[in-house]
Amino acid sequence: MPEVKKKTKEHESVLVLLQEAQEKFGYIPEDFMANVARSLDISLSEVFGVATFYSFLTCKPLGRNVIRVCKSLPCCLKDAQMIIESVESELRIKPGETTTDGKFSLTLTNCVGACDKAPAMMINDDTYTDLTPGKISQILKKCK
Ligand code: FES
C-alpha cells in the first residue's frame, strides 16, 4: 500500500501545480509540465495524463471567453446538441477551437451542476441554464 499512497500524493501535487499554472498562464505550457515532472521525479506522460484528464485544465492557450457546453446525459436529453450547434453557428468554430480574434473558445464538458435547468453551459465562471438558440445569441452578444 505505501506505493499507492505515494502515487496519490504525487497526483495531488501535480494537480495543485497544474491548477496554479492554469490560473497564471490561462493554460499549461509544455515546458512547465516538463519542470513538474523533473521536480517530482515522475514521467512527463504522468503529468500530461493529469493535465488532459480534467476538463478545467488545458494544454493550449484559450480565448478570453471560454465556453463550456455540458455534454452529460441530462443536458443531452434536453438537446445540448442544439446548443453546441448554435454556438458553432454564431462563432463559426467547433469544439476545441478558438475564434481568430481570440475572444472565444468552445469546449465540451461534463456536468456543470445545473442538471435541473438543462441544457446548460458556462462562460468562464458564469453558468447559463435553460438555454435556447435565442438565449445563446443574446449571451454571446453581451460577451463580445
Ligand atoms: S448534466 Fe448538464 S448540467 Fe448536469
# chains A, B, ... in the order shown; residues from 1 in each chain; ligands from 1

call {"tool": "residues_near_ligand", "arguments": {"ligand": "ligand 1", "cutoff": "7 Å", "atoms": "only C-alpha atoms and all ligand atoms", "output": "ChimeraX atom specification"}}
result
/A:70-75,110-115,118-120

call {"tool": "write_last_selection", "arguments": {"atoms": "N, CA and C atoms", "output": "short mmCIF file (atom, residue, chain, number, x, y, z; two decimals), in the first residue's frame"}}
result
data_model
loop_
_atom_site.label_atom_id
_atom_site.label_comp_id
_atom_site.auth_asym_id
_atom_site.auth_seq_id
_atom_site.Cartn_x
_atom_site.Cartn_y
_atom_site.Cartn_z
N CYS A 70 -22.21 21.78 -21.56
CA CYS A 70 -22.35 20.49 -20.88
C CYS A 70 -22.78 19.41 -21.88
N LYS A 71 -22.08 18.29 -21.83
CA LYS A 71 -22.39 17.18 -22.74
C LYS A 71 -22.84 15.93 -21.98
N SER A 72 -23.15 16.10 -20.68
CA SER A 72 -23.59 14.95 -19.90
C SER A 72 -25.05 14.61 -20.20
N LEU A 73 -25.45 13.41 -19.80
CA LEU A 73 -26.75 12.86 -20.22
C LEU A 73 -27.96 13.77 -20.00
N PRO A 74 -28.16 14.34 -18.79
CA PRO A 74 -29.36 15.18 -18.62
C PRO A 74 -29.41 16.33 -19.63
N CYS A 75 -28.29 16.94 -19.92
CA CYS A 75 -28.28 18.03 -20.92
C CYS A 75 -28.48 17.47 -22.32
N ASN A 110 -18.22 17.92 -18.85
CA ASN A 110 -19.19 17.12 -18.12
C ASN A 110 -20.03 18.05 -17.25
N CYS A 111 -20.97 17.47 -16.54
CA CYS A 111 -21.96 18.21 -15.75
C CYS A 111 -21.39 19.44 -15.05
N VAL A 112 -22.10 20.56 -15.19
CA VAL A 112 -21.68 21.79 -14.52
C VAL A 112 -22.56 22.08 -13.29
N GLY A 113 -23.35 21.08 -12.89
CA GLY A 113 -24.14 21.20 -11.66
C GLY A 113 -25.46 21.93 -11.81
N ALA A 114 -25.99 21.98 -13.02
CA ALA A 114 -27.26 22.67 -13.23
C ALA A 114 -28.23 21.76 -14.00
N CYS A 115 -28.19 20.47 -13.69
CA CYS A 115 -28.98 19.48 -14.43
C CYS A 115 -30.47 19.79 -14.42
N ALA A 118 -31.33 22.11 -17.34
CA ALA A 118 -30.65 21.76 -18.59
C ALA A 118 -31.45 22.27 -19.78
N PRO A 119 -30.78 22.55 -20.90
CA PRO A 119 -29.35 22.41 -21.13
C PRO A 119 -28.58 23.62 -20.56
N ALA A 120 -27.33 23.35 -20.19
CA ALA A 120 -26.54 24.37 -19.51
C ALA A 120 -25.15 24.50 -20.12
#

call {"tool": "residues_around", "arguments": {"residues": "A:Ile123", "least_positions_apart": "6", "cutoff": "10 Å", "atoms": "only C-alpha atoms", "output": "ChimeraX atom specification"}}
result
/A:64-69,104-106,139-140,143

call {"tool": "select_by_dssp", "arguments": {"residues": "stretch 30-76 of chain A", "states": "helix (DSSP H, G or I)", "output": "PyMOL selection string"}}
result
chain A and resi 30-40+44-53+73-76

call {"tool": "select_by_dssp", "arguments": {"residues": "chain A", "states": "strand (DSSP E)", "output": "list in words"}}
result
Asn65, Val66, Ile67, Arg68, Val69, Cys70, Phe104, Ser105, Leu106, Thr107, Leu108, Thr109, Met121, Met122, Ile123, Asp126, Thr127 and Tyr128 of chain A

call {"tool": "residues_around", "arguments": {"residues": "A:Leu15", "least_positions_apart": "2", "cutoff": "12 Å", "atoms": "only C-alpha atoms", "output": "MDAnalysis selection string"}}
result
chainID A and resid 8:13 17:22 28 33 36:37 40 46:54 56:57

call {"tool": "write_last_selection", "arguments": {"atoms": "C-alpha atoms", "output": "CSV table (one decimal), in the first residue's frame"}}
result
chain,number,residue,atom,x,y,z
A,8,THR,CA,-1.8,9.5,-4.7
A,9,LYS,CA,0.4,12.2,-3.1
A,10,GLU,CA,2.2,12.7,-6.4
A,11,HIS,CA,-1.1,13.0,-8.2
A,12,GLU,CA,-2.3,15.6,-5.7
A,13,SER,CA,0.9,17.6,-6.0
A,17,LEU,CA,0.9,22.7,-9.6
A,18,LEU,CA,-1.1,22.4,-12.8
A,19,GLN,CA,-4.0,24.4,-11.4
A,20,GLU,CA,-1.6,27.1,-10.4
A,21,ALA,CA,-0.2,27.2,-14.0
A,22,GLN,CA,-3.7,27.2,-15.4
A,28,ILE,CA,-0.4,24.7,-19.1
A,33,MET,CA,4.8,20.2,-17.4
A,36,VAL,CA,6.8,19.5,-12.8
A,37,ALA,CA,7.9,16.0,-14.0
A,40,LEU,CA,8.6,15.4,-8.6
A,46,GLU,CA,2.1,11.0,-16.0
A,47,VAL,CA,2.0,14.8,-15.8
A,48,PHE,CA,0.4,15.0,-19.2
A,49,GLY,CA,-2.1,12.4,-18.1
A,50,VAL,CA,-3.3,14.6,-15.3
A,51,ALA,CA,-3.3,17.7,-17.4
A,52,THR,CA,-5.5,16.1,-20.0
A,53,PHE,CA,-7.8,14.2,-17.6
A,54,TYR,CA,-9.6,17.3,-16.1
A,56,PHE,CA,-10.8,22.6,-16.4
A,57,LEU,CA,-7.2,22.2,-17.4

call {"tool": "closest_residue", "arguments": {"among": "A:Pro133, A:Pro29, A:Val16, A:Lys141", "to": "A:Met82", "atoms": "only C-alpha atoms"}}
result
A:Pro133

call {"tool": "closest_residue", "arguments": {"among": "A:Asp101, A:Glu30, A:Glu23, A:Glu90", "to": "A:Gly134", "atoms": "only C-alpha atoms"}}
result
A:Glu90

call {"tool": "closest_atom_pairs", "arguments": {"of": "stretch 1-88 of chain A", "to": "stretch 96-99 of chain A", "cutoff": "9 Å", "atoms": "only C-alpha atoms", "output": "tab-separated table"}}
result
residue	atom	partner	partner_atom	distance
A:Pro61	CA	A:Thr98	CA	8.9
A:Leu62	CA	A:Thr98	CA	6.5
A:Gly63	CA	A:Thr98	CA	5.9
A:Val66	CA	A:Thr98	CA	8.8

call {"tool": "write_last_selection", "arguments": {"atoms": "C-alpha atoms", "output": "CSV table (one decimal), in the first residue's frame"}}
result
chain,number,residue,atom,x,y,z
A,61,PRO,CA,-4.0,28.9,-24.9
A,62,LEU,CA,-7.7,29.6,-25.0
A,63,GLY,CA,-9.8,32.6,-25.9
A,66,VAL,CA,-14.1,30.0,-22.6

call {"tool": "closest_residue", "arguments": {"among": "A:Thr109, A:Asn35, A:Thr100, A:Ser45", "to": "A:Cys76", "atoms": "only C-alpha atoms"}}
result
A:Thr109

call {"tool": "atom_distance", "arguments": {"atom1": "atom CA of A:Leu131", "atom2": "atom CA of A:Lys117"}}
result
8.5 Å

call {"tool": "atom_distance", "arguments": {"atom1": "atom CA of A:Val14", "atom2": "atom CA of A:Ile42"}}
result
9.7 Å

call {"tool": "closest_residue", "arguments": {"among": "A:Val87, A:Lys94, A:Lys144, A:Lys24", "to": "A:Met121", "atoms": "only C-alpha atoms"}}
result
A:Val87

call {"tool": "atom_distance", "arguments": {"atom1": "atom CA of A:Ser86", "atom2": "atom CA of A:Lys135"}}
result
9.8 Å

call {"tool": "decode", "arguments": {"residues": "stretch 85-130 of chain A", "atoms": "N, CA and C atoms", "output": "CSV table (one decimal), in the first residue's frame"}}
result
chain,number,residue,atom,x,y,z
A,85,GLU,N,-24.6,23.4,-31.6
A,85,GLU,CA,-24.7,23.9,-33.0
A,85,GLU,C,-25.0,25.4,-33.0
A,86,SER,N,-25.7,25.9,-32.1
A,86,SER,CA,-26.0,27.3,-32.0
A,86,SER,C,-24.7,28.1,-31.8
A,87,VAL,N,-23.9,27.7,-30.9
A,87,VAL,CA,-22.6,28.3,-30.6
A,87,VAL,C,-21.7,28.2,-31.8
A,88,GLU,N,-21.6,27.0,-32.4
A,88,GLU,CA,-20.8,26.8,-33.6
A,88,GLU,C,-21.2,27.8,-34.7
A,89,SER,N,-22.5,27.9,-34.9
A,89,SER,CA,-23.1,28.8,-35.9
A,89,SER,C,-22.8,30.3,-35.7
A,90,GLU,N,-23.0,30.7,-34.4
A,90,GLU,CA,-22.8,32.1,-34.0
A,90,GLU,C,-21.3,32.5,-34.2
A,91,LEU,N,-20.4,31.6,-33.8
A,91,LEU,CA,-19.0,32.0,-33.7
A,91,LEU,C,-18.1,31.3,-34.8
A,92,ARG,N,-18.7,30.5,-35.5
A,92,ARG,CA,-18.0,29.8,-36.6
A,92,ARG,C,-16.8,29.0,-36.1
A,93,ILE,N,-16.9,28.3,-35.0
A,93,ILE,CA,-15.9,27.5,-34.5
A,93,ILE,C,-16.5,26.2,-34.1
A,94,LYS,N,-15.7,25.1,-34.0
A,94,LYS,CA,-16.1,23.8,-33.5
A,94,LYS,C,-15.5,23.6,-32.1
A,95,PRO,N,-16.0,22.6,-31.4
A,95,PRO,CA,-15.4,22.3,-30.0
A,95,PRO,C,-13.9,22.1,-30.2
A,96,GLY,N,-13.2,22.7,-29.3
A,96,GLY,CA,-11.7,22.6,-29.4
A,96,GLY,C,-11.0,23.7,-30.1
A,97,GLU,N,-11.9,24.6,-30.7
A,97,GLU,CA,-11.3,25.7,-31.5
A,97,GLU,C,-11.5,27.1,-30.8
A,98,THR,N,-10.7,28.0,-31.2
A,98,THR,CA,-10.8,29.4,-30.7
A,98,THR,C,-11.0,30.3,-31.9
A,99,THR,N,-11.8,31.4,-31.7
A,99,THR,CA,-12.1,32.3,-32.8
A,99,THR,C,-10.8,33.0,-33.2
A,100,THR,N,-10.7,33.5,-34.4
A,100,THR,CA,-9.4,34.1,-34.9
A,100,THR,C,-9.1,35.3,-34.1
A,101,ASP,N,-10.1,36.0,-33.6
A,101,ASP,CA,-9.8,37.2,-32.8
A,101,ASP,C,-9.5,36.9,-31.3
A,102,GLY,N,-9.5,35.7,-31.0
A,102,GLY,CA,-9.1,35.3,-29.6
A,102,GLY,C,-10.1,35.6,-28.5
A,103,LYS,N,-11.3,35.9,-28.9
A,103,LYS,CA,-12.4,36.2,-28.0
A,103,LYS,C,-13.0,35.0,-27.3
A,104,PHE,N,-13.2,34.0,-28.1
A,104,PHE,CA,-14.0,32.8,-27.6
A,104,PHE,C,-13.3,31.5,-28.0
A,105,SER,N,-13.4,30.6,-27.0
A,105,SER,CA,-13.0,29.2,-27.2
A,105,SER,C,-14.2,28.3,-26.9
A,106,LEU,N,-14.4,27.3,-27.6
A,106,LEU,CA,-15.6,26.4,-27.4
A,106,LEU,C,-15.1,25.0,-27.0
A,107,THR,N,-15.5,24.6,-25.8
A,107,THR,CA,-15.2,23.2,-25.4
A,107,THR,C,-16.5,22.5,-24.9
A,108,LEU,N,-16.4,21.2,-24.8
A,108,LEU,CA,-17.5,20.4,-24.2
A,108,LEU,C,-17.0,20.0,-22.8
A,109,THR,N,-17.9,19.9,-21.9
A,109,THR,CA,-17.5,19.5,-20.6
A,109,THR,C,-18.6,18.5,-20.0
A,110,ASN,N,-18.2,17.9,-18.8
A,110,ASN,CA,-19.2,17.1,-18.1
A,110,ASN,C,-20.0,18.0,-17.2
A,111,CYS,N,-21.0,17.5,-16.5
A,111,CYS,CA,-22.0,18.2,-15.8
A,111,CYS,C,-21.4,19.4,-15.1
A,112,VAL,N,-22.1,20.6,-15.2
A,112,VAL,CA,-21.7,21.8,-14.5
A,112,VAL,C,-22.6,22.1,-13.3
A,113,GLY,N,-23.4,21.1,-12.9
A,113,GLY,CA,-24.1,21.2,-11.7
A,113,GLY,C,-25.5,21.9,-11.8
A,114,ALA,N,-26.0,22.0,-13.0
A,114,ALA,CA,-27.3,22.7,-13.2
A,114,ALA,C,-28.2,21.8,-14.0
A,115,CYS,N,-28.2,20.5,-13.7
A,115,CYS,CA,-29.0,19.5,-14.4
A,115,CYS,C,-30.5,19.8,-14.4
A,116,ASP,N,-31.0,20.4,-13.3
A,116,ASP,CA,-32.4,20.6,-13.2
A,116,ASP,C,-32.8,21.8,-14.1
A,117,LYS,N,-31.9,22.5,-14.7
A,117,LYS,CA,-32.2,23.6,-15.6
A,117,LYS,C,-31.4,23.4,-16.9
A,118,ALA,N,-31.3,22.1,-17.3
A,118,ALA,CA,-30.7,21.8,-18.6
A,118,ALA,C,-31.5,22.3,-19.8
A,119,PRO,N,-30.8,22.5,-20.9
A,119,PRO,CA,-29.3,22.4,-21.1
A,119,PRO,C,-28.6,23.6,-20.6
A,120,ALA,N,-27.3,23.3,-20.2
A,120,ALA,CA,-26.5,24.4,-19.5
A,120,ALA,C,-25.1,24.5,-20.1
A,121,MET,N,-24.6,25.7,-19.9
A,121,MET,CA,-23.2,25.9,-20.3
A,121,MET,C,-22.5,26.9,-19.3
A,122,MET,N,-21.3,27.0,-19.4
A,122,MET,CA,-20.5,28.0,-18.6
A,122,MET,C,-19.8,28.9,-19.6
A,123,ILE,N,-19.6,30.1,-19.3
A,123,ILE,CA,-18.7,31.0,-19.9
A,123,ILE,C,-17.8,31.6,-18.8
A,124,ASN,N,-16.6,31.2,-18.8
A,124,ASN,CA,-15.6,31.5,-17.7
A,124,ASN,C,-16.3,31.0,-16.4
A,125,ASP,N,-16.6,31.8,-15.5
A,125,ASP,CA,-17.1,31.4,-14.2
A,125,ASP,C,-18.6,31.5,-14.1
A,126,ASP,N,-19.3,31.9,-15.1
A,126,ASP,CA,-20.7,32.1,-15.1
A,126,ASP,C,-21.5,30.9,-15.7
A,127,THR,N,-22.5,30.5,-15.1
A,127,THR,CA,-23.3,29.4,-15.6
A,127,THR,C,-24.6,30.0,-16.2
A,128,TYR,N,-25.0,29.4,-17.4
A,128,TYR,CA,-26.2,29.8,-18.1
A,128,TYR,C,-27.0,28.5,-18.3
A,129,THR,N,-28.4,28.7,-18.0
A,129,THR,CA,-29.2,27.5,-18.0
A,129,THR,C,-30.5,27.7,-18.8
A,130,ASP,N,-31.2,26.6,-19.0
A,130,ASP,CA,-32.5,26.6,-19.8
A,130,ASP,C,-32.2,27.3,-21.1
